[in-house]
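Asks: Okay, so here is start06.cif, and as you'll see once you scroll down, it has mmCIF, C-alpha atoms.
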```
data_data
#
loop_
_atom_site.label_atom_id
_atom_site.label_comp_id
_atom_site.auth_asym_id
_atom_site.auth_seq_id
_atom_site.Cartn_x
_atom_site.Cartn_y
_atom_site.Cartn_z
CA MET A 1 -22.81 -41.96 -18.80
CA VAL A 2 -21.09 -38.62 -19.14
CA PHE A 3 -19.85 -36.38 -16.31
CA TRP A 4 -18.41 -32.88 -16.59
CA VAL A 5 -15.71 -31.91 -14.11
CA SER A 6 -14.46 -28.35 -13.96
CA ALA A 7 -10.80 -27.80 -13.30
CA MET A 8 -11.66 -24.86 -11.09
CA GLU A 9 -11.12 -27.28 -8.23
CA ASP A 10 -7.49 -27.50 -9.31
CA SER A 11 -7.19 -23.74 -9.37
CA GLN A 12 -8.47 -23.60 -5.81
CA GLY A 13 -5.46 -25.63 -4.79
CA ILE A 14 -3.15 -22.94 -6.14
CA GLN A 15 -2.38 -20.78 -3.16
CA MET A 16 -0.92 -17.33 -3.14
CA GLU A 17 2.71 -17.21 -2.11
CA LYS A 18 3.18 -16.71 1.58
CA ALA A 19 4.14 -13.25 2.74
CA SER A 20 7.30 -14.61 4.37
CA LYS A 21 8.48 -16.06 1.06
CA ILE A 22 7.85 -12.80 -0.78
CA LEU A 23 9.63 -10.90 1.97
CA ARG A 24 12.66 -13.20 1.81
CA ARG A 25 12.85 -12.85 -1.96
CA SER A 26 12.56 -9.07 -1.62
CA ILE A 27 15.45 -8.96 0.86
CA TYR A 28 17.50 -11.18 -1.45
CA THR A 29 16.79 -8.85 -4.38
CA PHE A 30 17.68 -5.85 -2.24
CA LEU A 31 21.02 -7.39 -1.25
CA GLN A 32 21.69 -8.48 -4.83
CA ASN A 33 21.37 -4.84 -5.99
CA TYR A 34 22.67 -3.37 -2.74
CA GLN A 35 25.11 -0.90 -4.26
CA TYR A 36 22.61 0.74 -6.61
CA LEU A 37 19.69 0.74 -4.17
CA THR A 38 21.64 2.13 -1.22
CA ALA A 39 23.58 4.68 -3.24
CA THR A 40 21.46 5.97 -6.11
CA ALA A 41 17.89 5.12 -5.12
CA ALA A 42 18.29 5.92 -1.42
CA LEU A 43 19.97 9.24 -2.17
CA LEU A 44 17.16 10.12 -4.58
CA ALA A 45 14.62 9.42 -1.83
CA PHE A 46 16.67 11.25 0.82
CA PRO A 47 15.15 14.75 0.27
CA TYR A 48 11.66 13.31 0.66
CA SER A 49 12.67 11.43 3.82
CA ALA A 50 14.26 14.54 5.26
CA SER A 51 11.14 16.61 4.53
CA ILE A 52 8.87 14.04 6.21
CA LEU A 53 11.05 13.93 9.31
CA LEU A 54 11.61 17.68 9.44
CA SER A 55 7.86 18.22 9.27
CA GLN A 56 7.83 17.12 12.92
CA LEU A 57 9.83 20.27 13.66
CA PHE A 58 7.97 22.84 11.59
CA VAL A 59 4.39 21.60 11.25
CA PRO A 60 3.37 21.96 14.94
CA SER A 61 4.38 25.63 14.94
CA SER A 62 2.90 26.42 11.52
CA PRO A 63 -0.52 28.11 11.21
CA LEU A 64 -1.64 25.37 8.79
CA LEU A 65 -2.09 22.68 11.46
CA PRO A 66 -4.55 24.52 13.75
CA THR A 67 -6.46 25.80 10.72
CA ILE A 68 -7.02 22.29 9.35
CA HIS A 69 -7.77 20.93 12.82
CA ASN A 70 -10.42 23.58 13.49
CA ARG A 71 -12.01 23.03 10.08
CA LEU A 72 -12.25 19.30 10.69
CA MET A 73 -13.75 19.78 14.16
CA VAL A 74 -16.38 22.12 12.70
CA LEU A 75 -17.10 19.54 10.01
CA PHE A 76 -17.47 16.77 12.57
CA GLN A 77 -19.83 18.87 14.68
CA ALA A 78 -21.92 19.77 11.64
CA ALA A 79 -22.15 16.06 10.76
CA GLY A 80 -23.63 15.31 14.16
CA PHE A 81 -20.67 13.49 15.67
CA PRO A 82 -20.57 13.83 19.48
CA SER A 83 -18.01 16.48 20.33
CA SER A 84 -17.47 14.96 23.76
CA MET A 85 -15.97 11.79 22.29
CA GLU A 86 -12.20 11.73 22.52
CA PHE A 87 -12.05 9.47 19.47
CA PHE A 88 -13.04 12.23 17.05
CA THR A 89 -10.70 14.72 18.70
CA VAL A 90 -7.73 12.36 18.30
CA LEU A 91 -8.82 11.41 14.78
CA SER A 92 -9.13 15.04 13.75
CA LEU A 93 -5.69 15.82 15.17
CA LYS A 94 -4.03 12.87 13.42
CA ILE A 95 -5.66 13.68 10.09
CA SER A 96 -4.61 17.32 10.47
CA GLN A 97 -1.01 16.30 11.15
CA THR A 98 -1.01 13.93 8.17
CA ILE A 99 -2.40 16.58 5.82
CA SER A 100 0.04 19.22 7.08
CA SER A 101 3.03 16.89 6.71
CA SER A 102 1.88 15.89 3.22
CA VAL A 103 1.58 19.54 2.17
CA PHE A 104 5.01 20.28 3.63
CA ALA A 105 6.61 17.38 1.73
CA LEU A 106 4.51 17.72 -1.46
CA PRO A 107 7.26 19.25 -3.68
CA PHE A 108 9.67 16.47 -2.68
CA THR A 109 6.97 13.82 -3.13
CA LEU A 110 6.20 14.87 -6.70
CA SER A 111 9.87 15.04 -7.63
CA PHE A 112 12.42 13.03 -5.66
CA LEU A 113 10.12 10.28 -4.34
CA LEU A 114 8.56 9.49 -7.71
CA ILE A 115 11.94 9.50 -9.46
CA ALA A 116 13.43 7.26 -6.76
CA LYS A 117 10.57 4.76 -7.08
CA SER A 118 10.75 4.85 -10.88
CA SER A 119 14.48 4.05 -10.73
CA ILE A 120 13.82 1.05 -8.46
CA ILE A 121 10.97 -0.29 -10.58
CA GLN A 122 12.93 0.21 -13.80
CA LEU A 123 15.86 -1.68 -12.25
CA LEU A 124 13.67 -4.65 -11.27
CA ASN A 125 11.64 -4.64 -14.49
CA GLN A 126 14.47 -4.75 -17.02
CA HIS A 127 15.84 -7.95 -18.53
CA LYS A 128 19.23 -7.51 -16.84
CA PRO A 129 18.33 -6.48 -13.28
CA ASN A 130 21.96 -6.38 -12.15
CA PHE A 131 22.71 -3.42 -14.44
CA PRO A 132 21.62 0.07 -13.38
CA PRO A 133 18.90 1.62 -15.57
CA SER A 134 19.63 4.57 -17.78
CA PHE A 135 18.51 8.06 -16.80
CA SER A 136 16.24 8.36 -19.85
CA SER A 137 14.39 5.14 -18.96
CA VAL A 138 13.86 6.37 -15.41
CA VAL A 139 12.54 9.75 -16.53
CA SER A 140 10.21 8.08 -19.04
CA LEU A 141 8.25 6.57 -16.12
CA TYR A 142 7.64 9.93 -14.47
CA LYS A 143 4.54 10.84 -16.47
CA PRO A 144 2.55 7.64 -15.70
CA PHE A 145 3.79 7.85 -12.12
CA LEU A 146 2.50 11.39 -11.74
CA ALA A 147 -0.89 10.53 -13.25
CA THR A 148 -1.23 7.51 -10.95
CA HIS A 149 -0.18 9.55 -7.92
CA ILE A 150 -2.90 12.11 -8.62
CA CYS A 151 -5.48 9.33 -9.01
CA ASN A 152 -4.22 7.75 -5.78
CA PHE A 153 -4.84 11.04 -4.01
CA LEU A 154 -8.42 11.08 -5.27
CA LEU A 155 -8.86 7.45 -4.22
CA LEU A 156 -7.64 8.17 -0.68
CA LEU A 157 -9.93 11.18 -0.53
CA SER A 158 -12.85 8.99 -1.61
CA ALA A 159 -11.93 6.32 0.96
CA ASN A 160 -11.91 8.86 3.78
CA ALA A 161 -15.20 10.34 2.57
CA THR A 162 -16.76 6.86 2.45
CA ALA A 163 -15.61 6.02 5.97
CA PHE A 164 -16.92 9.29 7.40
CA SER A 165 -20.20 8.87 5.54
CA LEU A 166 -20.71 5.44 7.10
CA LEU A 167 -19.92 6.87 10.53
CA PHE A 168 -22.34 9.72 9.89
CA PHE A 169 -25.20 7.35 9.03
CA ALA A 170 -24.39 5.05 11.95
CA PHE A 171 -24.34 7.81 14.57
CA ASN A 172 -27.47 9.46 13.25
CA PHE A 173 -29.27 6.10 13.03
CA LEU A 174 -28.49 5.35 16.67
CA ASP A 175 -29.48 8.86 17.63
CA GLY A 176 -32.83 8.37 15.86
CA LEU A 177 -33.37 5.15 17.83
CA GLU A 178 -32.42 7.04 21.02
CA PHE A 179 -29.42 4.81 21.67
CA SER A 180 -27.26 7.70 22.86
CA SER A 181 -25.91 6.24 26.08
CA PRO A 182 -22.14 6.52 26.70
CA SER A 183 -21.65 2.76 26.37
CA TRP A 184 -23.26 2.72 22.91
CA LEU A 185 -21.17 5.69 21.82
CA VAL A 186 -17.96 4.03 22.99
CA PHE A 187 -18.89 0.81 21.19
CA LEU A 188 -19.72 2.66 17.99
CA SER A 189 -16.54 4.73 18.21
CA ALA A 190 -14.43 1.58 18.58
CA SER A 191 -16.25 -0.04 15.66
CA GLY A 192 -15.78 3.13 13.63
CA ALA A 193 -12.05 3.12 14.36
CA VAL A 194 -11.75 -0.47 13.15
CA LEU A 195 -13.84 0.26 10.05
CA TYR A 196 -11.84 3.38 9.23
CA SER A 197 -8.56 1.48 9.62
CA ILE A 198 -9.73 -1.33 7.32
CA ILE A 199 -10.94 1.03 4.61
CA LEU A 200 -7.81 3.18 4.76
CA ALA A 201 -5.46 0.17 4.82
CA ASN A 202 -7.08 -1.35 1.73
CA ALA A 203 -6.98 2.01 -0.07
CA LEU A 204 -3.28 2.45 0.73
CA ILE A 205 -2.47 -1.07 -0.49
CA ILE A 206 -4.31 -0.45 -3.76
CA CYS A 207 -2.54 2.89 -4.23
CA ASN A 208 0.87 1.33 -3.61
CA LEU A 209 0.19 -1.55 -5.99
CA ALA A 210 -1.21 0.85 -8.62
CA LEU A 211 1.99 2.89 -8.50
CA VAL A 212 4.05 -0.24 -9.10
CA SER A 213 1.71 -1.32 -11.89
CA SER A 214 2.08 2.02 -13.64
CA GLY A 215 5.86 1.54 -13.64
CA MET A 216 5.87 -2.12 -14.60
CA GLU A 217 3.32 -1.80 -17.41
CA ARG A 218 3.74 1.90 -18.26
CA SER A 219 0.03 2.64 -17.95
CA GLY A 220 -0.75 5.33 -15.42
CA GLY A 221 -3.90 6.95 -14.13
CA TYR A 222 -7.11 5.18 -13.23
CA LEU A 223 -6.23 2.12 -15.34
CA ALA A 224 -3.39 1.30 -12.96
CA ILE A 225 -5.82 1.50 -10.03
CA LEU A 226 -8.29 -0.82 -11.77
CA LYS A 227 -5.51 -3.33 -12.45
CA ALA A 228 -4.45 -3.12 -8.81
CA CYS A 229 -8.02 -3.82 -7.68
CA VAL A 230 -8.12 -6.92 -9.87
CA LEU A 231 -4.73 -8.18 -8.72
CA ILE A 232 -5.41 -7.60 -5.03
CA ARG A 233 -8.62 -9.62 -5.06
CA GLY A 234 -8.28 -12.49 -2.61
CA ARG A 235 -4.77 -11.40 -1.62
CA THR A 236 -5.50 -8.62 0.86
CA SER A 237 -4.21 -10.57 3.84
CA THR A 238 -0.88 -11.17 2.10
CA ALA A 239 -0.59 -7.49 1.20
CA LEU A 240 -1.33 -6.47 4.79
CA ALA A 241 1.23 -8.93 6.12
CA LEU A 242 3.85 -7.40 3.81
CA ALA A 243 2.92 -3.79 4.57
CA VAL A 244 2.86 -4.05 8.37
CA PRO A 245 6.61 -4.74 9.01
CA VAL A 246 7.87 -1.94 6.75
CA ASN A 247 5.37 0.59 8.07
CA LEU A 248 6.22 -0.34 11.66
CA ALA A 249 9.89 0.22 10.83
CA LEU A 250 9.12 3.63 9.28
CA ALA A 251 7.05 4.59 12.33
CA ALA A 252 9.90 3.50 14.62
CA ILE A 253 12.37 5.65 12.65
CA GLU A 254 10.03 8.65 12.92
CA ALA A 255 9.81 8.05 16.68
CA LEU A 256 13.61 7.82 16.85
CA PHE A 257 13.96 11.12 15.01
CA HIS A 258 11.46 12.73 17.36
CA TYR A 259 13.29 11.40 20.41
CA ARG A 260 16.82 12.25 19.26
CA VAL A 261 16.36 15.39 17.12
CA VAL A 262 13.01 17.08 17.79
CA ILE A 263 13.41 17.04 21.56
CA ALA A 264 16.99 18.28 21.21
CA TYR A 265 15.75 21.07 18.93
CA HIS A 266 13.27 22.24 21.54
CA ASN A 267 16.01 22.08 24.17
CA GLY A 268 18.33 24.18 22.00
CA ASP A 269 20.93 21.43 21.31
CA ILE A 270 20.31 21.07 17.58
CA THR A 271 23.17 23.39 16.70
CA SER A 272 25.78 20.77 17.63
CA PHE A 273 27.39 18.97 14.70
CA PRO A 274 26.95 15.42 16.09
CA MET A 275 23.22 15.99 16.53
CA ALA A 276 22.87 17.26 12.95
CA LEU A 277 24.88 14.29 11.68
CA GLU A 278 22.62 11.93 13.63
CA GLY A 279 19.57 13.52 12.01
CA ILE A 280 21.10 12.97 8.55
CA LEU A 281 21.81 9.32 9.32
CA ILE A 282 18.24 8.79 10.57
CA ALA A 283 16.88 10.37 7.39
CA TYR A 284 19.12 8.10 5.30
CA LEU A 285 17.85 5.08 7.23
CA TYR A 286 14.30 6.22 6.48
CA SER A 287 15.23 6.34 2.78
CA ILE A 288 16.58 2.80 2.93
CA PHE A 289 13.27 1.49 4.21
CA ILE A 290 11.37 3.43 1.54
CA VAL A 291 13.55 1.67 -1.05
CA LEU A 292 12.94 -1.69 0.63
CA ASP A 293 9.18 -1.04 0.69
CA THR A 294 9.26 -0.39 -3.06
CA VAL A 295 11.19 -3.61 -3.66
CA VAL A 296 8.64 -5.56 -1.59
CA SER A 297 5.80 -3.99 -3.58
CA CYS A 298 7.46 -4.99 -6.86
CA MET A 299 7.92 -8.58 -5.70
CA PHE A 300 4.31 -8.70 -4.54
CA PHE A 301 3.13 -7.33 -7.89
CA LYS A 302 5.06 -10.01 -9.77
CA SER A 303 3.66 -12.68 -7.47
CA CYS A 304 0.10 -11.44 -8.08
CA LYS A 305 0.66 -11.43 -11.84
CA THR A 306 2.04 -14.96 -11.77
CA ALA A 307 -0.84 -16.21 -9.63
CA CYS A 308 -3.40 -14.61 -11.96
CA LEU A 309 -1.82 -16.19 -15.04
CA ILE A 310 -1.76 -19.62 -13.40
CA GLU A 311 -5.39 -19.30 -12.36
CA GLN A 312 -6.41 -18.38 -15.91
CA GLU A 313 -4.49 -21.30 -17.42
CA CYS A 314 -6.09 -23.74 -14.97
CA ILE A 315 -9.68 -22.88 -15.90
CA TYR A 316 -10.52 -25.71 -18.28
CA SER A 317 -12.87 -28.70 -18.20
CA TYR A 318 -12.83 -32.44 -18.55
CA ARG A 319 -15.45 -34.88 -19.81
CA ILE A 320 -15.60 -38.27 -18.14
CA GLU A 321 -17.22 -40.99 -20.22
CA ILE A 322 -18.22 -44.30 -18.65
CA GLU A 323 -18.92 -46.97 -21.24
CA GLU A 324 -20.09 -50.53 -20.72
CA LYS A 325 -18.74 -53.22 -23.02
CA ASP A 326 -19.22 -56.94 -22.50
CA GLY A 327 -20.37 -56.35 -18.97
CA ASN A 328 -17.25 -54.34 -18.08
CA ALA A 329 -17.11 -50.60 -17.40
CA PHE A 330 -14.52 -48.38 -19.04
CA VAL A 331 -13.69 -44.81 -17.99
CA LYS A 332 -12.43 -42.25 -20.51
CA LEU A 333 -11.13 -38.83 -19.51
CA LYS A 334 -11.05 -36.19 -22.25
CA ASN A 335 -9.77 -32.66 -22.16
CA ILE A 336 -12.03 -29.96 -23.51
CA GLU A 337 -9.57 -29.47 -26.38
CA GLU A 338 -10.17 -33.10 -27.45
CA LEU A 339 -13.92 -32.73 -27.59
CA PRO A 340 -15.57 -32.58 -31.05
#
```
Could I get this file's structure written as structure tokens?

Replies:
Amino acid sequence: MVFWVSAMEDSQGIQMEKASKILRRSIYTFLQNYQYLTATAALLAFPYSASILLSQLFVPSSPLLPTIHNRLMVLFQAAGFPSSMEFFTVLSLKISQTISSSVFALPFTLSFLLIAKSSIIQLLNQHKPNFPPSFSSVVSLYKPFLATHICNFLLLLSANATAFSLLFFAFNFLDGLEFSSPSWLVFLSASGAVLYSIILANALIICNLALVSSGMERSGGYLAILKACVLIRGRTSTALALAVPVNLALAAIEALFHYRVVIAYHNGDITSFPMALEGILIAYLYSIFIVLDTVVSCMFFKSCKTACLIEQECIYSYRIEIEEKDGNAFVKLKNIEELP
């Protein structure tokens, strides 16, 4: 008798590293390269951090924000979304603020942020991670980084378009079935908010991992996004668990800047030197967490690569032979490599 047993069962026992373990290793790596990451990398990311935080001062008073907000509201009304729902009003306002802040910080994103991330990835990807990377090696990553960043923008645009398309079909389907009561609209709006958050969160995770992949493997553009999609398969929960703490910290720093600097600016107290110094320190703290987020992404990328290699090595088969000889049964286990 001959039985075939696939070793895929063994590969199912190989679990992805826990998010807490990756986070601890990321913090250890950050502290191991503390001087370079807090001095060079954080200072490179400082202009981008300052532009993101200062957008809270200048974006609300700029003509770009109401223009984008009005365009989105017209688009939502043309799509058939109920204008009386507060969900779409808040969503349109938040998207308008995000787009306006991104436009305001775009020059710093395409320059200082990409160079800062390339310096971090080059530091963690070289054979001697304790030595700072050379300037030429950092600049050499800029081209794949820029190509991947442009593709990430298109991916985020597609993710938003997909989410709004699904909402459009859902609302029009319910309207065709005459389920237009307020309770149904509230339920569908809540479901749409959850669906939009899931789609956007997965798109952001893929974009972040694609950017790291383009630096680690020096292949930018859509290929980095495809590699990120393959690596993230089955590991979305781990990626979300890693992204939530850092993003909560960044949101808390933005709230701190708004509370300490923006309100003081509107009250006319921003001219004082201590207030300006506090704003600089908050922006530097924001840069530190951007650096830490990049380190976490690099550690997660390495963990995904290791898990994929282990899973590929564990896909092999055995043949179990049961032979009877002199009334006794013998069991032979052969690897697939030993088969004729």

Asks: How far is it from atom CA of A:His149 to atom CA of A:Ala252, in Å with one decimal?

Replies: 25.4 Å

Asks: Taking the file above as input, evaluate the PyMOL selection byres ((chain A and resi 193) around 12) and report the hits as a PDB file with C-alpha atoms, in the coordinates of the input.

Replies:
```pdb
ATOM      1  CA  GLU A  86     -12.200  11.730  22.520  1.00  0.00           C
ATOM      2  CA  PHE A  87     -12.050   9.470  19.470  1.00  0.00           C
ATOM      3  CA  PHE A  88     -13.040  12.230  17.050  1.00  0.00           C
ATOM      4  CA  VAL A  90      -7.730  12.360  18.300  1.00  0.00           C
ATOM      5  CA  LEU A  91      -8.820  11.410  14.780  1.00  0.00           C
ATOM      6  CA  ALA A 163     -15.610   6.020   5.970  1.00  0.00           C
ATOM      7  CA  PHE A 164     -16.920   9.290   7.400  1.00  0.00           C
ATOM      8  CA  LEU A 166     -20.710   5.440   7.100  1.00  0.00           C
ATOM      9  CA  LEU A 167     -19.920   6.870  10.530  1.00  0.00           C
ATOM     10  CA  VAL A 186     -17.960   4.030  22.990  1.00  0.00           C
ATOM     11  CA  PHE A 187     -18.890   0.810  21.190  1.00  0.00           C
ATOM     12  CA  LEU A 188     -19.720   2.660  17.990  1.00  0.00           C
ATOM     13  CA  SER A 189     -16.540   4.730  18.210  1.00  0.00           C
ATOM     14  CA  ALA A 190     -14.430   1.580  18.580  1.00  0.00           C
ATOM     15  CA  SER A 191     -16.250  -0.040  15.660  1.00  0.00           C
ATOM     16  CA  GLY A 192     -15.780   3.130  13.630  1.00  0.00           C
ATOM     17  CA  VAL A 194     -11.750  -0.470  13.150  1.00  0.00           C
ATOM     18  CA  LEU A 195     -13.840   0.260  10.050  1.00  0.00           C
ATOM     19  CA  TYR A 196     -11.840   3.380   9.230  1.00  0.00           C
ATOM     20  CA  SER A 197      -8.560   1.480   9.620  1.00  0.00           C
ATOM     21  CA  ILE A 198      -9.730  -1.330   7.320  1.00  0.00           C
ATOM     22  CA  ILE A 199     -10.940   1.030   4.610  1.00  0.00           C
ATOM     23  CA  LEU A 200      -7.810   3.180   4.760  1.00  0.00           C
ATOM     24  CA  ALA A 201      -5.460   0.170   4.820  1.00  0.00           C
TER      25      ALA A 201
END
```

Asks: Identify, on the basis of all atoms listed in the file, every residue whose closest approach to A:Phe257 does not exceed 8 Å; exclude the query and any residue fewer than 3 positions from it along the same chain; express the result as an MDAnalysis selection string.

Replies: chainID A and resid 53 253:254 260:262 279 282

Asks: Quick one: residues within 6 Å of stretch 211-221 of chain A, all atoms listed in the file counted, chain neighbours fewer than 4 positions away excluded, as a PyMOL selection string?

Replies: chain A and resi 144+147-148+151

Asks: What is the atom CA of A:Phe171-atom CA of A:Gln97 distance in Å, reported with one decimal?

Replies: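 So the two atoms, atom CA of A:Phe171 and atom CA of A:Gln97, lie 25.1 Å apart.
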
Asks: Evaluate the PyMOL selection byres ((chain A and resi 235-243) around 9) against this structure - the residues, as a compact mmCIF listing (two decimals) with C-alpha atoms, in the coordinates of the input, please.

Replies:
```txt
# COMPACT_ATOMS: atom_id res chain seq x y z
CA MET A 16 -0.92 -17.33 -3.14
CA GLU A 17 2.71 -17.21 -2.11
CA LYS A 18 3.18 -16.71 1.58
CA ALA A 19 4.14 -13.25 2.74
CA SER A 20 7.30 -14.61 4.37
CA ILE A 22 7.85 -12.80 -0.78
CA LEU A 23 9.63 -10.90 1.97
CA ALA A 201 -5.46 0.17 4.82
CA ASN A 202 -7.08 -1.35 1.73
CA ILE A 205 -2.47 -1.07 -0.49
CA LEU A 231 -4.73 -8.18 -8.72
CA ILE A 232 -5.41 -7.60 -5.03
CA ARG A 233 -8.62 -9.62 -5.06
CA GLY A 234 -8.28 -12.49 -2.61
CA VAL A 244 2.86 -4.05 8.37
CA PRO A 245 6.61 -4.74 9.01
CA VAL A 246 7.87 -1.94 6.75
CA ASN A 247 5.37 0.59 8.07
CA LEU A 248 6.22 -0.34 11.66
CA ASP A 293 9.18 -1.04 0.69
CA VAL A 296 8.64 -5.56 -1.59
CA SER A 297 5.80 -3.99 -3.58
CA PHE A 300 4.31 -8.70 -4.54
CA CYS A 304 0.10 -11.44 -8.08
```

Asks: Mind giving me the straight-line distance from atom CA of A:Ala283 to atom CA of A:Cys207 in Å, one decimal?

Replies: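 Here the two named atoms are 23.8 Å from each other.
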
Asks: Applying 9 Å and only C-alpha atoms, which residues near A:Ser137 remain after dropping the ones on its own chain fewer than 3 positions away? List them as a ChimeraX atom specification.

Replies: /A:118-119,122,133-134,140-141

Asks: Save stretch 32-55 of chain A to a file: N, CA and C atoms, as a PDB file, in the first residue's frame.

Replies:
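Output file decode_32.pdb follows:
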```
ATOM      1  N   GLN A  32      19.571  50.769  18.309  1.00  0.00           N
ATOM      2  CA  GLN A  32      20.924  50.379  17.902  1.00  0.00           C
ATOM      3  C   GLN A  32      21.540  51.397  16.951  1.00  0.00           C
ATOM      4  N   ASN A  33      20.706  52.026  16.116  1.00  0.00           N
ATOM      5  CA  ASN A  33      21.177  53.060  15.175  1.00  0.00           C
ATOM      6  C   ASN A  33      20.601  54.418  15.560  1.00  0.00           C
ATOM      7  N   TYR A  34      20.532  54.663  16.848  1.00  0.00           N
ATOM      8  CA  TYR A  34      19.852  55.853  17.369  1.00  0.00           C
ATOM      9  C   TYR A  34      20.482  57.145  16.867  1.00  0.00           C
ATOM     10  N   GLN A  35      21.802  57.193  16.856  1.00  0.00           N
ATOM     11  CA  GLN A  35      22.479  58.441  16.500  1.00  0.00           C
ATOM     12  C   GLN A  35      22.197  58.833  15.054  1.00  0.00           C
ATOM     13  N   TYR A  36      22.303  57.876  14.148  1.00  0.00           N
ATOM     14  CA  TYR A  36      22.076  58.193  12.735  1.00  0.00           C
ATOM     15  C   TYR A  36      20.599  58.487  12.463  1.00  0.00           C
ATOM     16  N   LEU A  37      19.705  57.698  13.038  1.00  0.00           N
ATOM     17  CA  LEU A  37      18.280  57.852  12.744  1.00  0.00           C
ATOM     18  C   LEU A  37      17.704  59.134  13.336  1.00  0.00           C
ATOM     19  N   THR A  38      18.172  59.521  14.511  1.00  0.00           N
ATOM     20  CA  THR A  38      17.640  60.730  15.143  1.00  0.00           C
ATOM     21  C   THR A  38      18.331  62.003  14.667  1.00  0.00           C
ATOM     22  N   ALA A  39      19.513  61.861  14.100  1.00  0.00           N
ATOM     23  CA  ALA A  39      20.233  63.047  13.622  1.00  0.00           C
ATOM     24  C   ALA A  39      20.048  63.241  12.124  1.00  0.00           C
ATOM     25  N   THR A  40      20.517  62.288  11.337  1.00  0.00           N
ATOM     26  CA  THR A  40      20.484  62.463   9.882  1.00  0.00           C
ATOM     27  C   THR A  40      19.094  62.215   9.311  1.00  0.00           C
ATOM     28  N   ALA A  41      18.529  61.038   9.573  1.00  0.00           N
ATOM     29  CA  ALA A  41      17.247  60.677   8.968  1.00  0.00           C
ATOM     30  C   ALA A  41      16.117  61.575   9.458  1.00  0.00           C
ATOM     31  N   ALA A  42      16.078  61.851  10.752  1.00  0.00           N
ATOM     32  CA  ALA A  42      15.008  62.693  11.291  1.00  0.00           C
ATOM     33  C   ALA A  42      15.112  64.126  10.779  1.00  0.00           C
ATOM     34  N   LEU A  43      16.318  64.625  10.635  1.00  0.00           N
ATOM     35  CA  LEU A  43      16.487  65.985  10.109  1.00  0.00           C
ATOM     36  C   LEU A  43      16.119  66.048   8.628  1.00  0.00           C
ATOM     37  N   LEU A  44      16.376  64.970   7.895  1.00  0.00           N
ATOM     38  CA  LEU A  44      15.958  64.932   6.498  1.00  0.00           C
ATOM     39  C   LEU A  44      14.435  64.936   6.374  1.00  0.00           C
ATOM     40  N   ALA A  45      13.760  64.271   7.297  1.00  0.00           N
ATOM     41  CA  ALA A  45      12.290  64.228   7.269  1.00  0.00           C
ATOM     42  C   ALA A  45      11.657  65.443   7.925  1.00  0.00           C
ATOM     43  N   PHE A  46      12.449  66.291   8.564  1.00  0.00           N
ATOM     44  CA  PHE A  46      11.899  67.433   9.300  1.00  0.00           C
ATOM     45  C   PHE A  46      11.140  68.412   8.406  1.00  0.00           C
ATOM     46  N   PRO A  47      11.649  68.804   7.223  1.00  0.00           N
ATOM     47  CA  PRO A  47      10.862  69.726   6.379  1.00  0.00           C
ATOM     48  C   PRO A  47       9.493  69.176   5.997  1.00  0.00           C
ATOM     49  N   TYR A  48       9.430  67.867   5.710  1.00  0.00           N
ATOM     50  CA  TYR A  48       8.135  67.273   5.398  1.00  0.00           C
ATOM     51  C   TYR A  48       7.213  67.321   6.610  1.00  0.00           C
ATOM     52  N   SER A  49       7.739  66.990   7.786  1.00  0.00           N
ATOM     53  CA  SER A  49       6.919  67.024   8.999  1.00  0.00           C
ATOM     54  C   SER A  49       6.413  68.428   9.279  1.00  0.00           C
ATOM     55  N   ALA A  50       7.293  69.406   9.113  1.00  0.00           N
ATOM     56  CA  ALA A  50       6.879  70.789   9.344  1.00  0.00           C
ATOM     57  C   ALA A  50       5.805  71.219   8.355  1.00  0.00           C
ATOM     58  N   SER A  51       5.916  70.788   7.104  1.00  0.00           N
ATOM     59  CA  SER A  51       4.907  71.173   6.104  1.00  0.00           C
ATOM     60  C   SER A  51       3.552  70.530   6.399  1.00  0.00           C
ATOM     61  N   ILE A  52       3.556  69.281   6.872  1.00  0.00           N
ATOM     62  CA  ILE A  52       2.304  68.616   7.222  1.00  0.00           C
ATOM     63  C   ILE A  52       1.635  69.315   8.401  1.00  0.00           C
ATOM     64  N   LEU A  53       2.420  69.667   9.406  1.00  0.00           N
ATOM     65  CA  LEU A  53       1.847  70.319  10.578  1.00  0.00           C
ATOM     66  C   LEU A  53       1.431  71.759  10.276  1.00  0.00           C
ATOM     67  N   LEU A  54       2.226  72.455   9.490  1.00  0.00           N
ATOM     68  CA  LEU A  54       1.883  73.844   9.153  1.00  0.00           C
ATOM     69  C   LEU A  54       0.691  73.923   8.210  1.00  0.00           C
ATOM     70  N   SER A  55       0.373  72.822   7.542  1.00  0.00           N
ATOM     71  CA  SER A  55      -0.818  72.837   6.684  1.00  0.00           C
ATOM     72  C   SER A  55      -2.088  73.067   7.503  1.00  0.00           C
TER      73      SER A  55
END
```
